[in-house]
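Structure file coords.pdb (PDB, C-alpha atoms, pLDDT in the B column) follows.
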ATOM      1  CA  ASP A   1      -6.336  -6.187   1.592  1.00 79.00           C
ATOM      2  CA  LYS A   2      -3.274  -6.718   3.755  1.00 83.00           C
ATOM      3  CA  LEU A   3      -1.751  -3.461   2.579  1.00 79.00           C
ATOM      4  CA  VAL A   4      -4.938  -1.450   3.137  1.00 81.00           C
ATOM      5  CA  ASP A   5      -5.361  -3.007   6.594  1.00 89.00           C
ATOM      6  CA  ASN A   6      -1.727  -2.198   7.506  1.00 88.00           C
ATOM      7  CA  ARG A   7      -0.863  -5.877   8.026  1.00 89.00           C
ATOM      8  CA  VAL A   8       2.210  -5.620   5.768  1.00 88.00           C
ATOM      9  CA  VAL A   9       4.848  -2.941   5.308  1.00 86.00           C
ATOM     10  CA  PRO A  10       4.896  -1.792   1.665  1.00 89.00           C
ATOM     11  CA  ASP A  11       7.933  -1.256  -0.472  1.00 93.00           C
ATOM     12  CA  ARG A  12       8.650   2.469  -0.767  1.00 95.00           C
ATOM     13  CA  PHE A  13      10.703   4.431  -3.241  1.00 97.00           C
ATOM     14  CA  TYR A  14      11.472   8.127  -3.054  1.00 97.00           C
ATOM     15  CA  VAL A  15      12.185   9.369  -6.574  1.00 97.00           C
ATOM     16  CA  ASN A  16      13.281  12.862  -7.594  1.00 97.00           C
ATOM     17  CA  GLN A  17      10.503  14.062  -9.926  1.00 91.00           C
ATOM     18  CA  ASP A  18      12.879  16.141 -12.033  1.00 94.00           C
ATOM     19  CA  THR A  19      15.731  13.673 -12.520  1.00 96.00           C
ATOM     20  CA  LEU A  20      13.907  10.360 -11.852  1.00 97.00           C
ATOM     21  CA  GLU A  21      16.792   9.402  -9.565  1.00 97.00           C
ATOM     22  CA  ILE A  22      15.890   7.019  -6.736  1.00 98.00           C
ATOM     23  CA  MET A  23      16.809   8.946  -3.599  1.00 98.00           C
ATOM     24  CA  ASP A  24      15.825   6.389  -0.951  1.00 98.00           C
ATOM     25  CA  GLU A  25      14.063   3.047  -0.854  1.00 97.00           C
ATOM     26  CA  ILE A  26      12.608   0.196   1.155  1.00 95.00           C
ATOM     27  CA  ASN A  27      12.690  -2.627  -1.371  1.00 95.00           C
ATOM     28  CA  ARG A  28      11.782  -5.910   0.315  1.00 92.00           C
ATOM     29  CA  ASN A  29      10.423  -7.486  -2.877  1.00 89.00           C
ATOM     30  CA  ASN A  30      13.456  -6.691  -5.047  1.00 91.00           C
ATOM     31  CA  ILE A  31      11.492  -4.560  -7.486  1.00 92.00           C
ATOM     32  CA  PRO A  32      13.848  -3.693 -10.360  1.00 94.00           C
ATOM     33  CA  HIS A  33      14.926  -0.053 -10.424  1.00 96.00           C
ATOM     34  CA  GLU A  34      13.962   0.115 -14.100  1.00 95.00           C
ATOM     35  CA  ILE A  35      10.322  -0.574 -13.152  1.00 96.00           C
ATOM     36  CA  VAL A  36      10.447   2.021 -10.358  1.00 97.00           C
ATOM     37  CA  ILE A  37      11.822   4.681 -12.717  1.00 97.00           C
ATOM     38  CA  GLU A  38       9.271   3.800 -15.404  1.00 96.00           C
ATOM     39  CA  LEU A  39       6.462   4.065 -12.826  1.00 95.00           C
ATOM     40  CA  ALA A  40       7.770   7.423 -11.594  1.00 96.00           C
ATOM     41  CA  ASP A  41       7.898   8.738 -15.150  1.00 97.00           C
ATOM     42  CA  LEU A  42       4.412   7.406 -15.846  1.00 95.00           C
ATOM     43  CA  GLY A  43       3.116   9.059 -12.672  1.00 94.00           C
ATOM     44  CA  ARG A  44       4.680  12.351 -13.700  1.00 95.00           C
ATOM     45  CA  LYS A  45       2.980  12.142 -17.113  1.00 95.00           C
ATOM     46  CA  ILE A  46      -0.403  11.241 -15.609  1.00 94.00           C
ATOM     47  CA  GLU A  47      -0.240  14.151 -13.145  1.00 92.00           C
ATOM     48  CA  LYS A  48       0.648  16.510 -15.987  1.00 93.00           C
ATOM     49  CA  HIS A  49      -2.286  15.184 -18.029  1.00 93.00           C
ATOM     50  CA  TYR A  50      -4.814  15.662 -15.217  1.00 91.00           C
ATOM     51  CA  GLY A  51      -3.235  18.826 -13.807  1.00 93.00           C
ATOM     52  CA  CYS A  52      -3.242  17.549 -10.220  1.00 91.00           C
ATOM     53  CA  GLU A  53      -1.753  14.899  -7.947  1.00 91.00           C
ATOM     54  CA  VAL A  54      -3.288  11.474  -8.531  1.00 92.00           C
ATOM     55  CA  ASP A  55      -3.529   8.123  -6.828  1.00 91.00           C
ATOM     56  CA  ILE A  56      -2.437   5.440  -9.292  1.00 92.00           C
ATOM     57  CA  GLU A  57      -3.133   1.731  -8.958  1.00 92.00           C
ATOM     58  CA  TRP A  58      -0.910  -0.480 -11.070  1.00 93.00           C
ATOM     59  CA  ALA A  59       0.377  -4.009 -11.460  1.00 92.00           C
ATOM     60  CA  VAL A  60       3.462  -5.535 -13.070  1.00 91.00           C
ATOM     61  CA  GLU A  61       3.599  -8.835 -14.920  1.00 92.00           C
ATOM     62  CA  ASP A  62       6.600  -9.989 -16.935  1.00 92.00           C
ATOM     63  CA  ASN A  63       8.153  -6.499 -16.536  1.00 88.00           C
ATOM     64  CA  HIS A  64       5.118  -4.901 -18.211  1.00 93.00           C
ATOM     65  CA  ILE A  65       3.240  -2.225 -16.253  1.00 95.00           C
ATOM     66  CA  TYR A  66      -0.554  -2.274 -16.279  1.00 96.00           C
ATOM     67  CA  LEU A  67      -2.509   0.734 -15.032  1.00 94.00           C
ATOM     68  CA  ILE A  68      -5.554  -0.381 -13.072  1.00 95.00           C
ATOM     69  CA  GLN A  69      -7.003   3.044 -12.303  1.00 94.00           C
ATOM     70  CA  THR A  70      -6.126   6.639 -11.498  1.00 92.00           C
ATOM     71  CA  ARG A  71      -8.035   9.236  -9.497  1.00 90.00           C
ATOM     72  CA  PRO A  72      -7.325  12.670  -8.041  1.00 88.00           C
ATOM     73  CA  ILE A  73      -6.014  12.789  -4.488  1.00 86.00           C
ATOM     74  CA  THR A  74      -8.689  14.575  -2.498  1.00 80.00           C
ATOM     75  CA  THR A  75      -7.413  14.351   1.091  1.00 74.00           C
TER
END
Entire entry expressed as structure tokens:
Amino acid sequence: DKLVDNRVVPDRFYVNQDTLEIMDEINRNNIPHEIVIELADLGRKIEKHYGCEVDIEWAVEDNHIYLIQTRPITT
């Protein structure tokens, strides 16, 4: 809720889609780069599967990524 209501500043990572190199970041929560790269690769695969850009909700527990949901970006 805090994120949706803009009451907190999210972590942000800018990842090159071709090389999966982290180009820039705001990493207040010390998210491991391995998780960021795995998420970027997963996002790339999901977009390829659906054939469009998607919004992906995910969670991490014990360095394991869980996909909550995905949906096409419509705006």
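Using all atoms listed in the file for every distance, the candidate list A:Cys52, A:Val36, A:Trp58, A:Asp41 yields A:Asp41 as the residue closest to Thr19 of chain A.
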If we count all atoms listed in the file and set the cut-off at 10 Å, which residues sit around Ile65 of chain A, ignoring sequence neighbours fewer than 4 positions away in its own chain? Please answer as a ChimeraX atom specification.
/A:35,38-39,42,58-61
Taking only C-alpha atoms into account, name the residue in A:Asn6, A:Asn16, A:Asn30, A:Thr70 that is nearest to Ile56 of chain A.
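Under the stated criterion, the closest residue is A:Thr70.
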Closest of A:Leu67, A:Asp1, A:Glu34, A:Pro72 to Lys48 of chain A, counting only C-alpha atoms, is A:Pro72
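Taking atom CA of Lys2 of chain A and atom CA of Glu47 of chain A as the two end points, the separation is 27.0 Å.
Going from atom CA of Asn27 of chain A over to atom CA of Arg12 of chain A, you cover 6.5 Å.
Ranking A:Thr75, A:Arg28, A:Asp55, A:Asp62 by their shortest atom-to-atom distance to Phe13 of chain A, with all atoms listed in the file included, puts A:Arg28 first.
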Which residues, named as in the file, does the PyMOL selection byres ((chain A and resi 22) around 10) pick out? Answer as a count of residues only.
15
Taking all atoms of segment 55-61 of chain A that the file lists, what box with edges along x, y and z, padded by 4 Å per side, do you get, with centre and edge lengths in Å to one decimal, as AutoDock Vina command-line options?
--center_x 0.0 --center_y -0.4 --center_z -10.9 --size_x 15.1 --size_y 25.0 --size_z 16.1
Record the distance separating atom CA of Arg71 of chain A and atom CA of Leu3 of chain A, expressed in Å with one decimal.
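Computing the Euclidean distance for atom CA of Arg71 of chain A and atom CA of Leu3 of chain A yields 18.6 Å.
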Mind completing segment 29-40 of chain A with all heavy atoms? Output as an mmCIF file, in the frame of the given file, please?
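Below you can see part.cif, which holds the result:
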data_model
loop_
_atom_site.group_PDB
_atom_site.id
_atom_site.type_symbol
_atom_site.label_atom_id
_atom_site.label_comp_id
_atom_site.auth_asym_id
_atom_site.auth_seq_id
_atom_site.Cartn_x
_atom_site.Cartn_y
_atom_site.Cartn_z
ATOM 1 N N ASN A 29 10.821 -6.544 -1.825
ATOM 2 C CA ASN A 29 10.423 -7.486 -2.877
ATOM 3 C C ASN A 29 11.331 -7.438 -4.094
ATOM 4 O O ASN A 29 10.986 -7.989 -5.141
ATOM 5 C CB ASN A 29 8.974 -7.222 -3.281
ATOM 6 C CG ASN A 29 8.026 -7.589 -2.164
ATOM 7 O OD1 ASN A 29 8.010 -8.713 -1.708
ATOM 8 N ND2 ASN A 29 7.262 -6.615 -1.696
ATOM 9 N N ASN A 30 12.470 -6.769 -3.963
ATOM 10 C CA ASN A 30 13.456 -6.691 -5.047
ATOM 11 C C ASN A 30 12.843 -6.212 -6.364
ATOM 12 O O ASN A 30 13.072 -6.798 -7.426
ATOM 13 C CB ASN A 30 14.153 -8.040 -5.239
ATOM 14 C CG ASN A 30 14.943 -8.431 -4.011
ATOM 15 O OD1 ASN A 30 15.651 -7.611 -3.443
ATOM 16 N ND2 ASN A 30 14.814 -9.661 -3.585
ATOM 17 N N ILE A 31 12.064 -5.153 -6.284
ATOM 18 C CA ILE A 31 11.492 -4.560 -7.486
ATOM 19 C C ILE A 31 12.625 -3.932 -8.285
ATOM 20 O O ILE A 31 13.415 -3.151 -7.741
ATOM 21 C CB ILE A 31 10.423 -3.508 -7.128
ATOM 22 C CG1 ILE A 31 9.278 -4.187 -6.364
ATOM 23 C CG2 ILE A 31 9.919 -2.792 -8.373
ATOM 24 C CD1 ILE A 31 8.272 -3.237 -5.785
ATOM 25 N N PRO A 32 12.755 -4.259 -9.560
ATOM 26 C CA PRO A 32 13.848 -3.693 -10.360
ATOM 27 C C PRO A 32 13.756 -2.167 -10.451
ATOM 28 O O PRO A 32 12.666 -1.608 -10.604
ATOM 29 C CB PRO A 32 13.640 -4.326 -11.743
ATOM 30 C CG PRO A 32 12.793 -5.524 -11.517
ATOM 31 C CD PRO A 32 11.933 -5.207 -10.329
ATOM 32 N N HIS A 33 14.898 -1.514 -10.341
ATOM 33 C CA HIS A 33 14.926 -0.053 -10.424
ATOM 34 C C HIS A 33 14.362 0.456 -11.749
ATOM 35 O O HIS A 33 13.778 1.536 -11.791
ATOM 36 C CB HIS A 33 16.343 0.462 -10.203
ATOM 37 C CG HIS A 33 16.746 0.428 -8.764
ATOM 38 N ND1 HIS A 33 17.972 0.851 -8.334
ATOM 39 C CD2 HIS A 33 16.090 0.016 -7.647
ATOM 40 C CE1 HIS A 33 18.062 0.713 -7.028
ATOM 41 N NE2 HIS A 33 16.935 0.198 -6.589
ATOM 42 N N GLU A 34 14.508 -0.309 -12.803
ATOM 43 C CA GLU A 34 13.962 0.115 -14.100
ATOM 44 C C GLU A 34 12.447 0.267 -14.024
ATOM 45 O O GLU A 34 11.877 1.194 -14.599
ATOM 46 C CB GLU A 34 14.336 -0.882 -15.201
ATOM 47 C CG GLU A 34 15.810 -0.970 -15.496
ATOM 48 C CD GLU A 34 16.587 -1.850 -14.511
ATOM 49 O OE1 GLU A 34 15.966 -2.620 -13.731
ATOM 50 O OE2 GLU A 34 17.824 -1.756 -14.513
ATOM 51 N N ILE A 35 11.776 -0.644 -13.316
ATOM 52 C CA ILE A 35 10.322 -0.574 -13.152
ATOM 53 C C ILE A 35 9.962 0.645 -12.308
ATOM 54 O O ILE A 35 9.019 1.377 -12.618
ATOM 55 C CB ILE A 35 9.772 -1.867 -12.506
ATOM 56 C CG1 ILE A 35 9.944 -3.052 -13.449
ATOM 57 C CG2 ILE A 35 8.316 -1.697 -12.084
ATOM 58 C CD1 ILE A 35 9.074 -3.025 -14.680
ATOM 59 N N VAL A 36 10.709 0.877 -11.231
ATOM 60 C CA VAL A 36 10.447 2.021 -10.358
ATOM 61 C C VAL A 36 10.564 3.326 -11.144
ATOM 62 O O VAL A 36 9.699 4.204 -11.060
ATOM 63 C CB VAL A 36 11.413 2.028 -9.155
ATOM 64 C CG1 VAL A 36 11.254 3.298 -8.331
ATOM 65 C CG2 VAL A 36 11.206 0.785 -8.301
ATOM 66 N N ILE A 37 11.610 3.457 -11.929
ATOM 67 C CA ILE A 37 11.822 4.681 -12.717
ATOM 68 C C ILE A 37 10.731 4.832 -13.765
ATOM 69 O O ILE A 37 10.206 5.931 -13.977
ATOM 70 C CB ILE A 37 13.238 4.684 -13.324
ATOM 71 C CG1 ILE A 37 14.261 4.826 -12.195
ATOM 72 C CG2 ILE A 37 13.393 5.789 -14.357
ATOM 73 C CD1 ILE A 37 15.682 4.532 -12.603
ATOM 74 N N GLU A 38 10.347 3.733 -14.409
ATOM 75 C CA GLU A 38 9.271 3.800 -15.404
ATOM 76 C C GLU A 38 7.950 4.208 -14.746
ATOM 77 O O GLU A 38 7.194 5.012 -15.291
ATOM 78 C CB GLU A 38 9.127 2.448 -16.101
ATOM 79 C CG GLU A 38 8.162 2.479 -17.271
ATOM 80 C CD GLU A 38 8.111 1.168 -18.040
ATOM 81 O OE1 GLU A 38 8.987 0.300 -17.843
ATOM 82 O OE2 GLU A 38 7.174 1.025 -18.831
ATOM 83 N N LEU A 39 7.673 3.684 -13.548
ATOM 84 C CA LEU A 39 6.462 4.065 -12.826
ATOM 85 C C LEU A 39 6.496 5.540 -12.428
ATOM 86 O O LEU A 39 5.484 6.242 -12.528
ATOM 87 C CB LEU A 39 6.294 3.200 -11.577
ATOM 88 C CG LEU A 39 5.766 1.802 -11.804
ATOM 89 C CD1 LEU A 39 5.959 0.951 -10.554
ATOM 90 C CD2 LEU A 39 4.306 1.845 -12.211
ATOM 91 N N ALA A 40 7.644 6.015 -11.973
ATOM 92 C CA ALA A 40 7.770 7.423 -11.594
ATOM 93 C C ALA A 40 7.540 8.322 -12.803
ATOM 94 O O ALA A 40 6.843 9.341 -12.712
ATOM 95 C CB ALA A 40 9.143 7.684 -10.981
#
